[in-house]
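Student: Got a structure for you, structure03.pdb, holding PDB, C-alpha atoms, pLDDT in the B column.
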MODEL        1
ATOM      1  CA  MET A   1     -29.527 -52.388 -52.789  1.00 45.00           C
ATOM      2  CA  ARG A   2     -31.578 -51.628 -55.881  1.00 46.00           C
ATOM      3  CA  ASP A   3     -33.127 -54.218 -58.209  1.00 48.00           C
ATOM      4  CA  ASP A   4     -29.772 -54.853 -59.879  1.00 56.00           C
ATOM      5  CA  ASP A   5     -26.919 -53.878 -57.643  1.00 67.00           C
ATOM      6  CA  ILE A   6     -23.455 -55.042 -56.718  1.00 66.00           C
ATOM      7  CA  PHE A   7     -22.674 -56.086 -53.154  1.00 67.00           C
ATOM      8  CA  GLY A   8     -19.071 -56.995 -52.431  1.00 74.00           C
ATOM      9  CA  GLY A   9     -18.521 -57.969 -56.061  1.00 83.00           C
ATOM     10  CA  VAL A  10     -21.769 -59.992 -56.244  1.00 89.00           C
ATOM     11  CA  ILE A  11     -24.379 -58.948 -58.808  1.00 91.00           C
ATOM     12  CA  VAL A  12     -27.720 -58.900 -56.977  1.00 92.00           C
ATOM     13  CA  SER A  13     -31.067 -58.957 -58.775  1.00 93.00           C
ATOM     14  CA  ILE A  14     -34.370 -58.878 -56.861  1.00 93.00           C
ATOM     15  CA  SER A  15     -37.781 -58.812 -58.513  1.00 93.00           C
ATOM     16  CA  GLY A  16     -41.330 -58.678 -57.213  1.00 93.00           C
ATOM     17  CA  ILE A  17     -40.559 -56.677 -54.079  1.00 91.00           C
ATOM     18  CA  HIS A  18     -41.471 -53.168 -55.293  1.00 86.00           C
ATOM     19  CA  GLU A  19     -44.895 -53.042 -53.660  1.00 85.00           C
ATOM     20  CA  GLU A  20     -43.638 -54.017 -50.210  1.00 88.00           C
ATOM     21  CA  ASP A  21     -43.276 -51.562 -47.361  1.00 88.00           C
ATOM     22  CA  GLY A  22     -39.891 -49.793 -47.243  1.00 91.00           C
ATOM     23  CA  PHE A  23     -39.152 -51.229 -43.786  1.00 93.00           C
ATOM     24  CA  VAL A  24     -39.796 -54.778 -45.034  1.00 90.00           C
ATOM     25  CA  ARG A  25     -37.674 -54.179 -48.164  1.00 91.00           C
ATOM     26  CA  ASP A  26     -34.814 -52.875 -46.015  1.00 92.00           C
ATOM     27  CA  ASN A  27     -35.027 -55.922 -43.714  1.00 93.00           C
ATOM     28  CA  VAL A  28     -35.006 -58.293 -46.691  1.00 93.00           C
ATOM     29  CA  GLN A  29     -32.069 -56.523 -48.302  1.00 90.00           C
ATOM     30  CA  GLY A  30     -30.194 -56.567 -44.988  1.00 92.00           C
ATOM     31  CA  GLU A  31     -30.714 -60.342 -44.679  1.00 93.00           C
ATOM     32  CA  ILE A  32     -29.486 -60.841 -48.227  1.00 93.00           C
ATOM     33  CA  SER A  33     -26.393 -58.695 -47.639  1.00 91.00           C
ATOM     34  CA  LYS A  34     -25.581 -60.577 -44.440  1.00 93.00           C
ATOM     35  CA  ALA A  35     -26.065 -63.966 -46.104  1.00 93.00           C
ATOM     36  CA  LEU A  36     -23.960 -63.050 -49.146  1.00 93.00           C
ATOM     37  CA  GLY A  37     -21.133 -61.938 -46.880  1.00 90.00           C
ATOM     38  CA  LYS A  38     -21.273 -65.279 -45.089  1.00 90.00           C
ATOM     39  CA  LEU A  39     -21.662 -67.381 -48.243  1.00 89.00           C
ATOM     40  CA  SER A  40     -18.819 -65.589 -50.012  1.00 88.00           C
ATOM     41  CA  ARG A  41     -16.494 -67.017 -47.366  1.00 88.00           C
ATOM     42  CA  VAL A  42     -17.600 -70.549 -48.369  1.00 84.00           C
ATOM     43  CA  MET A  43     -17.044 -70.088 -52.121  1.00 89.00           C
ATOM     44  CA  GLU A  44     -16.786 -67.267 -54.631  1.00 91.00           C
ATOM     45  CA  VAL A  45     -20.332 -65.978 -55.273  1.00 93.00           C
ATOM     46  CA  THR A  46     -20.720 -64.013 -58.510  1.00 94.00           C
ATOM     47  CA  ASP A  47     -24.510 -63.594 -58.841  1.00 95.00           C
ATOM     48  CA  PHE A  48     -27.578 -63.745 -56.629  1.00 96.00           C
ATOM     49  CA  SER A  49     -31.124 -63.468 -57.946  1.00 96.00           C
ATOM     50  CA  MET A  50     -34.440 -63.721 -56.164  1.00 97.00           C
ATOM     51  CA  HIS A  51     -38.022 -63.469 -57.326  1.00 97.00           C
ATOM     52  CA  VAL A  52     -40.856 -62.753 -54.893  1.00 96.00           C
ATOM     53  CA  ARG A  53     -44.473 -63.617 -55.610  1.00 96.00           C
ATOM     54  CA  LYS A  54     -47.334 -62.550 -53.369  1.00 93.00           C
ATOM     55  CA  TYR A  55     -50.550 -64.580 -53.343  1.00 89.00           C
ATOM     56  CA  HIS A  56     -53.484 -65.675 -51.150  1.00 81.00           C
ATOM     57  CA  GLU A  57     -54.023 -62.152 -49.880  1.00 81.00           C
ATOM     58  CA  GLU A  58     -56.372 -62.136 -46.892  1.00 81.00           C
ATOM     59  CA  GLY A  59     -56.977 -58.705 -45.429  1.00 81.00           C
ATOM     60  CA  ASN A  60     -53.574 -57.271 -44.565  1.00 80.00           C
ATOM     61  CA  ARG A  61     -51.899 -60.703 -44.818  1.00 83.00           C
ATOM     62  CA  ALA A  62     -50.505 -62.479 -47.854  1.00 88.00           C
ATOM     63  CA  LYS A  63     -48.556 -65.615 -48.518  1.00 94.00           C
ATOM     64  CA  TYR A  64     -45.190 -65.235 -50.217  1.00 96.00           C
ATOM     65  CA  SER A  65     -43.293 -67.505 -52.548  1.00 97.00           C
ATOM     66  CA  VAL A  66     -39.596 -66.762 -53.046  1.00 97.00           C
ATOM     67  CA  HIS A  67     -37.325 -68.429 -55.581  1.00 98.00           C
ATOM     68  CA  GLY A  68     -33.602 -67.810 -55.563  1.00 97.00           C
ATOM     69  CA  LYS A  69     -30.424 -68.686 -57.384  1.00 97.00           C
ATOM     70  CA  ILE A  70     -26.777 -68.251 -56.475  1.00 96.00           C
ATOM     71  CA  ILE A  71     -24.093 -68.583 -59.115  1.00 95.00           C
ATOM     72  CA  THR A  72     -20.564 -69.331 -57.971  1.00 93.00           C
ATOM     73  CA  ALA A  73     -17.334 -69.951 -59.840  1.00 86.00           C
ATOM     74  CA  GLU A  74     -17.993 -73.689 -59.370  1.00 85.00           C
ATOM     75  CA  SER A  75     -21.739 -74.257 -59.632  1.00 92.00           C
ATOM     76  CA  GLU A  76     -25.286 -72.896 -59.465  1.00 96.00           C
ATOM     77  CA  PHE A  77     -27.619 -73.355 -56.500  1.00 96.00           C
ATOM     78  CA  TYR A  78     -31.404 -73.045 -56.510  1.00 97.00           C
ATOM     79  CA  ALA A  79     -33.939 -72.964 -53.703  1.00 97.00           C
ATOM     80  CA  GLU A  80     -37.438 -71.794 -52.894  1.00 98.00           C
ATOM     81  CA  ASP A  81     -39.448 -71.134 -49.785  1.00 98.00           C
ATOM     82  CA  PHE A  82     -42.965 -70.074 -48.816  1.00 96.00           C
ATOM     83  CA  ALA A  83     -44.303 -68.212 -45.781  1.00 96.00           C
ATOM     84  CA  TRP A  84     -46.976 -65.788 -44.601  1.00 93.00           C
ATOM     85  CA  GLU A  85     -44.291 -63.174 -43.918  1.00 92.00           C
ATOM     86  CA  LEU A  86     -41.836 -62.078 -46.591  1.00 94.00           C
ATOM     87  CA  GLU A  87     -38.907 -61.884 -44.165  1.00 94.00           C
ATOM     88  CA  LYS A  88     -39.479 -65.496 -43.047  1.00 96.00           C
ATOM     89  CA  ALA A  89     -39.700 -66.736 -46.627  1.00 97.00           C
ATOM     90  CA  VAL A  90     -36.469 -64.954 -47.557  1.00 97.00           C
ATOM     91  CA  LYS A  91     -34.694 -66.272 -44.453  1.00 97.00           C
ATOM     92  CA  GLY A  92     -35.862 -69.801 -45.309  1.00 98.00           C
ATOM     93  CA  LEU A  93     -34.628 -69.398 -48.884  1.00 98.00           C
ATOM     94  CA  LEU A  94     -31.220 -68.139 -47.756  1.00 97.00           C
ATOM     95  CA  ASP A  95     -30.892 -70.969 -45.222  1.00 97.00           C
ATOM     96  CA  LYS A  96     -31.640 -73.542 -47.937  1.00 97.00           C
ATOM     97  CA  LEU A  97     -29.126 -71.976 -50.322  1.00 96.00           C
ATOM     98  CA  GLU A  98     -26.499 -71.958 -47.573  1.00 94.00           C
ATOM     99  CA  LYS A  99     -27.096 -75.655 -46.827  1.00 95.00           C
ATOM    100  CA  GLU A 100     -26.777 -76.535 -50.518  1.00 94.00           C
ATOM    101  CA  MET A 101     -23.534 -74.587 -50.847  1.00 93.00           C
ATOM    102  CA  LEU A 102     -22.055 -76.119 -47.683  1.00 93.00           C
ATOM    103  CA  ARG A 103     -23.040 -79.614 -48.847  1.00 92.00           C
ATOM    104  CA  HIS A 104     -21.381 -78.959 -52.214  1.00 91.00           C
ATOM    105  CA  ALA A 105     -18.228 -77.574 -50.569  1.00 87.00           C
ATOM    106  CA  GLU A 106     -18.030 -80.576 -48.231  1.00 87.00           C
ATOM    107  CA  LYS A 107     -18.427 -83.013 -51.135  1.00 85.00           C
ATOM    108  CA  ALA A 108     -15.685 -81.213 -53.057  1.00 79.00           C
ATOM    109  CA  LYS A 109     -13.416 -81.344 -50.005  1.00 77.00           C
ATOM    110  CA  ASP A 110     -14.121 -85.054 -49.473  1.00 75.00           C
ATOM    111  CA  HIS A 111     -13.588 -85.747 -53.173  1.00 67.00           C
ATOM    112  CA  GLY A 112     -10.213 -83.972 -52.971  1.00 63.00           C
ATOM    113  CA  ARG A 113      -9.182 -86.164 -50.023  1.00 57.00           C
ATOM    114  CA  ALA A 114     -10.104 -89.354 -51.887  1.00 50.00           C
ATOM    115  CA  HIS A 115      -7.623 -88.617 -54.684  1.00 48.00           C
TER     116      HIS A 115
ENDMDL
END
So, in terms of structure tokens, how does the structure I just supplied come out?
Tutor:
Amino acid sequence: MRDDDIFGGVIVSISGIHEEDGFVRDNVQGEISKALGKLSRVMEVTDFSMHVRKYHEEGNRAKYSVHGKIITAESEFYAEDFAWELEKAVKGLLDKLEKEMLRHAEKAKDHGRAH
């Protein structure tokens, strides 16, 4: 996955990750690919974007802030997470986005039953 790439029909845009180690970038991109595959089964995902910001650098450690957005045919979902390891922050972000999408899908299903 490059900065702007297409994964299974989903346009993926990632910024702020260029300076990270190749191994870390590959792990992050693998998590994103796995999550998009899973989330695409919940609803039709068209776009995924994520911005990474590194701050509070202390020696070889830094805190990461990640902000993400998923656009589907039905709605847009936003989340953010923070952690001392980029992989953990990304995993937290993806988990939050998944919960939002599942909550939305459940509400839509319940709303359909009520009518």
Student: Which residues are close to A:Ala105, i.e. within 10 Å by all atoms listed in the file, leaving aside same-chain residues fewer than 5 positions away? Reply as JSON, numbers by chain.
Tutor: {"A": [42, 43, 74, 99, 100, 110, 111]}
Student: Kindly extract all protein, DNA and RNA residues lying within 8 Å of the coordinates (-47.8, -58.6, -46.1) given in the file, considering only C-alpha atoms, and supply them as a tab-separated table (two decimals) with C-alpha atoms, in the frame of the given file.
Tutor:
chain	number	residue	atom	x	y	z
A	20	GLU	CA	-43.64	-54.02	-50.21
A	60	ASN	CA	-53.57	-57.27	-44.56
A	61	ARG	CA	-51.90	-60.70	-44.82
A	62	ALA	CA	-50.50	-62.48	-47.85
A	63	LYS	CA	-48.56	-65.61	-48.52
A	84	TRP	CA	-46.98	-65.79	-44.60
A	85	GLU	CA	-44.29	-63.17	-43.92
A	86	LEU	CA	-41.84	-62.08	-46.59
Student: I'd like the contact shell of stretch 28-36 of chain A - 8 Å cut-off, only C-alpha atoms, skipping same-chain residues fewer than 4 positions apart - returned as a list in words.
Tutor: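 Listing them by chain and then by number gives Met1, Phe7, Val24, Ser40, Val45, Leu86, Glu87, Val90, Lys91 and Leu94 of chain A.
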Student: Can you tell me how far atom CA of A:Ser13 sits from atom CA of A:Phe48, in Å to one decimal?
Tutor: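 Atom CA of A:Ser13 sits 6.3 Å away from atom CA of A:Phe48.
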Student: To test your reading of the syntax: which residues would the PyMOL selection byres ((chain A and resi 80) around 10) return for the file shown? Reply as a list in words.
Tutor: Met50, His51, Val52, Ser65, Val66, His67, Gly68, Lys69, Tyr78, Ala79, Asp81, Phe82, Ala89, Val90, Gly92, Leu93, Leu94, Lys96 and Leu97 of chain A
Student: Next, dump the selected residues to file, keeping only C-alpha atoms, as a PDB file, in the frame of the given file.
Tutor:
ATOM      1  CA  MET A  50     -34.440 -63.721 -56.164  1.00 97.00           C
ATOM      2  CA  HIS A  51     -38.022 -63.469 -57.326  1.00 97.00           C
ATOM      3  CA  VAL A  52     -40.856 -62.753 -54.893  1.00 96.00           C
ATOM      4  CA  SER A  65     -43.293 -67.505 -52.548  1.00 97.00           C
ATOM      5  CA  VAL A  66     -39.596 -66.762 -53.046  1.00 97.00           C
ATOM      6  CA  HIS A  67     -37.325 -68.429 -55.581  1.00 98.00           C
ATOM      7  CA  GLY A  68     -33.602 -67.810 -55.563  1.00 97.00           C
ATOM      8  CA  LYS A  69     -30.424 -68.686 -57.384  1.00 97.00           C
ATOM      9  CA  TYR A  78     -31.404 -73.045 -56.510  1.00 97.00           C
ATOM     10  CA  ALA A  79     -33.939 -72.964 -53.703  1.00 97.00           C
ATOM     11  CA  ASP A  81     -39.448 -71.134 -49.785  1.00 98.00           C
ATOM     12  CA  PHE A  82     -42.965 -70.074 -48.816  1.00 96.00           C
ATOM     13  CA  ALA A  89     -39.700 -66.736 -46.627  1.00 97.00           C
ATOM     14  CA  VAL A  90     -36.469 -64.954 -47.557  1.00 97.00           C
ATOM     15  CA  GLY A  92     -35.862 -69.801 -45.309  1.00 98.00           C
ATOM     16  CA  LEU A  93     -34.628 -69.398 -48.884  1.00 98.00           C
ATOM     17  CA  LEU A  94     -31.220 -68.139 -47.756  1.00 97.00           C
ATOM     18  CA  LYS A  96     -31.640 -73.542 -47.937  1.00 97.00           C
ATOM     19  CA  LEU A  97     -29.126 -71.976 -50.322  1.00 96.00           C
TER      20      LEU A  97
END
Student: Record the distance separating atom CA of A:Lys38 and atom CA of A:Arg25, expressed in Å with one decimal.
Tutor: 20.0 Å
Student: Could you work out how far atom CA of A:Thr72 lies from atom CA of A:His104, giving the answer in Å with one decimal?
Tutor: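 Going from atom CA of A:His104 over to atom CA of A:Thr72 covers 11.2 Å.
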Student: Considering all atoms listed in the file, can you say which of A:Gly37, A:Lys109, A:Leu102, A:Val12 comes closest to A:Ile70?
Tutor: A:Val12
Student: Smallest atom-to-atom distance to A:Val10: which of A:Glu106, A:Lys88, A:Ser49, A:Gly22, using all atoms listed in the file?
Tutor: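 Nearest candidate to A:Val10 out of A:Glu106, A:Lys88, A:Ser49, A:Gly22: A:Ser49.
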Student: A:Ala108, A:Ala83, A:Ala73, A:Leu39: which is nearest A:Arg53, counting only C-alpha atoms?
Tutor: A:Ala83
Student: Could you write stretch 13-61 of chain A of the block just shown to a file containing N, CA and C atoms, as a PDB file, in the first residue's frame?
Tutor:
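Output (out_3.pdb):
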ATOM      1  N   SER A  13      -5.703   6.290   1.865  1.00  0.00           N
ATOM      2  CA  SER A  13      -4.769   7.406   1.939  1.00  0.00           C
ATOM      3  C   SER A  13      -4.183   7.455   3.353  1.00  0.00           C
ATOM      4  N   ILE A  14      -2.856   7.383   3.443  1.00  0.00           N
ATOM      5  CA  ILE A  14      -2.171   7.416   4.737  1.00  0.00           C
ATOM      6  C   ILE A  14      -1.123   8.524   4.686  1.00  0.00           C
ATOM      7  N   SER A  15      -1.143   9.393   5.682  1.00  0.00           N
ATOM      8  CA  SER A  15      -0.134  10.454   5.732  1.00  0.00           C
ATOM      9  C   SER A  15       0.569  10.437   7.082  1.00  0.00           C
ATOM     10  N   GLY A  16       1.798  10.947   7.080  1.00  0.00           N
ATOM     11  CA  GLY A  16       2.562  11.083   8.309  1.00  0.00           C
ATOM     12  C   GLY A  16       3.305   9.839   8.743  1.00  0.00           C
ATOM     13  N   ILE A  17       3.423   8.861   7.867  1.00  0.00           N
ATOM     14  CA  ILE A  17       4.042   7.587   8.237  1.00  0.00           C
ATOM     15  C   ILE A  17       5.385   7.363   7.525  1.00  0.00           C
ATOM     16  N   HIS A  18       5.772   8.305   6.675  1.00  0.00           N
ATOM     17  CA  HIS A  18       6.977   8.159   5.855  1.00  0.00           C
ATOM     18  C   HIS A  18       8.251   7.901   6.646  1.00  0.00           C
ATOM     19  N   GLU A  19       8.395   8.543   7.792  1.00  0.00           N
ATOM     20  CA  GLU A  19       9.641   8.452   8.542  1.00  0.00           C
ATOM     21  C   GLU A  19       9.749   7.187   9.385  1.00  0.00           C
ATOM     22  N   GLU A  20       8.681   6.408   9.444  1.00  0.00           N
ATOM     23  CA  GLU A  20       8.700   5.206  10.278  1.00  0.00           C
ATOM     24  C   GLU A  20       9.505   4.095   9.613  1.00  0.00           C
ATOM     25  N   ASP A  21       9.997   3.202  10.439  1.00  0.00           N
ATOM     26  CA  ASP A  21      10.732   2.033   9.993  1.00  0.00           C
ATOM     27  C   ASP A  21       9.880   1.212   9.023  1.00  0.00           C
ATOM     28  N   GLY A  22      10.490   0.624   8.021  1.00  0.00           N
ATOM     29  CA  GLY A  22       9.770  -0.178   7.029  1.00  0.00           C
ATOM     30  C   GLY A  22       8.979  -1.313   7.653  1.00  0.00           C
ATOM     31  N   PHE A  23       9.531  -1.957   8.668  1.00  0.00           N
ATOM     32  CA  PHE A  23       8.843  -3.058   9.354  1.00  0.00           C
ATOM     33  C   PHE A  23       7.565  -2.553  10.010  1.00  0.00           C
ATOM     34  N   VAL A  24       7.653  -1.404  10.672  1.00  0.00           N
ATOM     35  CA  VAL A  24       6.488  -0.804  11.338  1.00  0.00           C
ATOM     36  C   VAL A  24       5.445  -0.409  10.297  1.00  0.00           C
ATOM     37  N   ARG A  25       5.886   0.218   9.200  1.00  0.00           N
ATOM     38  CA  ARG A  25       4.956   0.608   8.127  1.00  0.00           C
ATOM     39  C   ARG A  25       4.237  -0.611   7.573  1.00  0.00           C
ATOM     40  N   ASP A  26       4.976  -1.696   7.347  1.00  0.00           N
ATOM     41  CA  ASP A  26       4.365  -2.919   6.820  1.00  0.00           C
ATOM     42  C   ASP A  26       3.336  -3.484   7.796  1.00  0.00           C
ATOM     43  N   ASN A  27       3.653  -3.471   9.086  1.00  0.00           N
ATOM     44  CA  ASN A  27       2.705  -3.960  10.103  1.00  0.00           C
ATOM     45  C   ASN A  27       1.431  -3.113  10.110  1.00  0.00           C
ATOM     46  N   VAL A  28       1.600  -1.806  10.053  1.00  0.00           N
ATOM     47  CA  VAL A  28       0.456  -0.890  10.054  1.00  0.00           C
ATOM     48  C   VAL A  28      -0.399  -1.130   8.806  1.00  0.00           C
ATOM     49  N   GLN A  29       0.233  -1.225   7.664  1.00  0.00           N
ATOM     50  CA  GLN A  29      -0.508  -1.442   6.431  1.00  0.00           C
ATOM     51  C   GLN A  29      -1.207  -2.803   6.428  1.00  0.00           C
ATOM     52  N   GLY A  30      -0.579  -3.803   7.025  1.00  0.00           N
ATOM     53  CA  GLY A  30      -1.213  -5.113   7.152  1.00  0.00           C
ATOM     54  C   GLY A  30      -2.454  -5.058   8.026  1.00  0.00           C
ATOM     55  N   GLU A  31      -2.374  -4.327   9.146  1.00  0.00           N
ATOM     56  CA  GLU A  31      -3.542  -4.160  10.030  1.00  0.00           C
ATOM     57  C   GLU A  31      -4.672  -3.452   9.311  1.00  0.00           C
ATOM     58  N   ILE A  32      -4.328  -2.426   8.543  1.00  0.00           N
ATOM     59  CA  ILE A  32      -5.344  -1.682   7.803  1.00  0.00           C
ATOM     60  C   ILE A  32      -6.004  -2.581   6.764  1.00  0.00           C
ATOM     61  N   SER A  33      -5.209  -3.331   6.021  1.00  0.00           N
ATOM     62  CA  SER A  33      -5.754  -4.236   5.006  1.00  0.00           C
ATOM     63  C   SER A  33      -6.695  -5.259   5.626  1.00  0.00           C
ATOM     64  N   LYS A  34      -6.277  -5.835   6.745  1.00  0.00           N
ATOM     65  CA  LYS A  34      -7.099  -6.825   7.441  1.00  0.00           C
ATOM     66  C   LYS A  34      -8.412  -6.205   7.909  1.00  0.00           C
ATOM     67  N   ALA A  35      -8.323  -5.020   8.502  1.00  0.00           N
ATOM     68  CA  ALA A  35      -9.518  -4.343   9.016  1.00  0.00           C
ATOM     69  C   ALA A  35     -10.466  -3.958   7.885  1.00  0.00           C
ATOM     70  N   LEU A  36      -9.931  -3.460   6.770  1.00  0.00           N
ATOM     71  CA  LEU A  36     -10.794  -3.076   5.655  1.00  0.00           C
ATOM     72  C   LEU A  36     -11.509  -4.283   5.069  1.00  0.00           C
ATOM     73  N   GLY A  37     -10.831  -5.416   5.019  1.00  0.00           N
ATOM     74  CA  GLY A  37     -11.482  -6.636   4.552  1.00  0.00           C
ATOM     75  C   GLY A  37     -12.653  -7.007   5.442  1.00  0.00           C
ATOM     76  N   LYS A  38     -12.443  -6.892   6.743  1.00  0.00           N
ATOM     77  CA  LYS A  38     -13.492  -7.214   7.716  1.00  0.00           C
ATOM     78  C   LYS A  38     -14.635  -6.204   7.657  1.00  0.00           C
ATOM     79  N   LEU A  39     -14.288  -4.917   7.620  1.00  0.00           N
ATOM     80  CA  LEU A  39     -15.303  -3.864   7.629  1.00  0.00           C
ATOM     81  C   LEU A  39     -16.115  -3.827   6.335  1.00  0.00           C
ATOM     82  N   SER A  40     -15.508  -4.223   5.238  1.00  0.00           N
ATOM     83  CA  SER A  40     -16.216  -4.242   3.962  1.00  0.00           C
ATOM     84  C   SER A  40     -17.329  -5.281   3.952  1.00  0.00           C
ATOM     85  N   ARG A  41     -17.252  -6.246   4.860  1.00  0.00           N
ATOM     86  CA  ARG A  41     -18.339  -7.229   4.970  1.00  0.00           C
ATOM     87  C   ARG A  41     -19.517  -6.643   5.756  1.00  0.00           C
ATOM     88  N   VAL A  42     -19.269  -5.601   6.543  1.00  0.00           N
ATOM     89  CA  VAL A  42     -20.330  -4.955   7.331  1.00  0.00           C
ATOM     90  C   VAL A  42     -21.116  -3.986   6.443  1.00  0.00           C
ATOM     91  N   MET A  43     -20.397  -3.141   5.704  1.00  0.00           N
ATOM     92  CA  MET A  43     -21.024  -2.220   4.755  1.00  0.00           C
ATOM     93  C   MET A  43     -19.998  -1.838   3.697  1.00  0.00           C
ATOM     94  N   GLU A  44     -20.460  -1.289   2.610  1.00  0.00           N
ATOM     95  CA  GLU A  44     -19.596  -0.970   1.481  1.00  0.00           C
ATOM     96  C   GLU A  44     -18.688   0.220   1.799  1.00  0.00           C
ATOM     97  N   VAL A  45     -17.399  -0.056   2.005  1.00  0.00           N
ATOM     98  CA  VAL A  45     -16.407   0.984   2.296  1.00  0.00           C
ATOM     99  C   VAL A  45     -15.848   1.485   0.971  1.00  0.00           C
ATOM    100  N   THR A  46     -15.842   2.812   0.789  1.00  0.00           N
ATOM    101  CA  THR A  46     -15.292   3.374  -0.449  1.00  0.00           C
ATOM    102  C   THR A  46     -13.945   4.048  -0.230  1.00  0.00           C
ATOM    103  N   ASP A  47     -13.754   4.680   0.946  1.00  0.00           N
ATOM    104  CA  ASP A  47     -12.515   5.408   1.224  1.00  0.00           C
ATOM    105  C   ASP A  47     -12.082   5.208   2.672  1.00  0.00           C
ATOM    106  N   PHE A  48     -10.766   5.142   2.857  1.00  0.00           N
ATOM    107  CA  PHE A  48     -10.188   5.113   4.194  1.00  0.00           C
ATOM    108  C   PHE A  48      -9.028   6.090   4.197  1.00  0.00           C
ATOM    109  N   SER A  49      -9.001   6.982   5.181  1.00  0.00           N
ATOM    110  CA  SER A  49      -7.849   7.884   5.305  1.00  0.00           C
ATOM    111  C   SER A  49      -7.391   7.904   6.750  1.00  0.00           C
ATOM    112  N   MET A  50      -6.094   8.068   6.925  1.00  0.00           N
ATOM    113  CA  MET A  50      -5.505   8.095   8.255  1.00  0.00           C
ATOM    114  C   MET A  50      -4.331   9.063   8.250  1.00  0.00           C
ATOM    115  N   HIS A  51      -4.268   9.859   9.305  1.00  0.00           N
ATOM    116  CA  HIS A  51      -3.133  10.762   9.482  1.00  0.00           C
ATOM    117  C   HIS A  51      -2.434  10.405  10.789  1.00  0.00           C
ATOM    118  N   VAL A  52      -1.117  10.280  10.717  1.00  0.00           N
ATOM    119  CA  VAL A  52      -0.296   9.948  11.881  1.00  0.00           C
ATOM    120  C   VAL A  52       0.513  11.172  12.269  1.00  0.00           C
ATOM    121  N   ARG A  53       0.533  11.452  13.566  1.00  0.00           N
ATOM    122  CA  ARG A  53       1.370  12.544  14.078  1.00  0.00           C
ATOM    123  C   ARG A  53       2.211  11.989  15.214  1.00  0.00           C
ATOM    124  N   LYS A  54       3.484  12.284  15.161  1.00  0.00           N
ATOM    125  CA  LYS A  54       4.445  11.814  16.167  1.00  0.00           C
ATOM    126  C   LYS A  54       4.823  13.003  17.047  1.00  0.00           C
ATOM    127  N   TYR A  55       4.768  12.805  18.367  1.00  0.00           N
ATOM    128  CA  TYR A  55       5.130  13.888  19.280  1.00  0.00           C
ATOM    129  C   TYR A  55       5.661  13.327  20.587  1.00  0.00           C
ATOM    130  N   HIS A  56       6.089  14.171  21.483  1.00  0.00           N
ATOM    131  CA  HIS A  56       6.681  13.782  22.772  1.00  0.00           C
ATOM    132  C   HIS A  56       7.789  12.740  22.595  1.00  0.00           C
ATOM    133  N   GLU A  57       8.706  13.031  21.692  1.00  0.00           N
ATOM    134  CA  GLU A  57       9.811  12.098  21.476  1.00  0.00           C
ATOM    135  C   GLU A  57      10.732  12.115  22.683  1.00  0.00           C
ATOM    136  N   GLU A  58      11.021  10.926  23.204  1.00  0.00           N
ATOM    137  CA  GLU A  58      11.915  10.760  24.345  1.00  0.00           C
ATOM    138  C   GLU A  58      12.887   9.633  24.012  1.00  0.00           C
ATOM    139  N   GLY A  59      14.085   9.992  23.635  1.00  0.00           N
ATOM    140  CA  GLY A  59      15.057   8.971  23.247  1.00  0.00           C
ATOM    141  C   GLY A  59      14.582   8.274  21.985  1.00  0.00           C
ATOM    142  N   ASN A  60      14.445   6.947  22.051  1.00  0.00           N
ATOM    143  CA  ASN A  60      13.972   6.214  20.878  1.00  0.00           C
ATOM    144  C   ASN A  60      12.470   5.924  20.961  1.00  0.00           C
ATOM    145  N   ARG A  61      11.775   6.617  21.868  1.00  0.00           N
ATOM    146  CA  ARG A  61      10.326   6.470  22.016  1.00  0.00           C
ATOM    147  C   ARG A  61       9.624   7.748  21.588  1.00  0.00           C
TER     148      ARG A  61
END
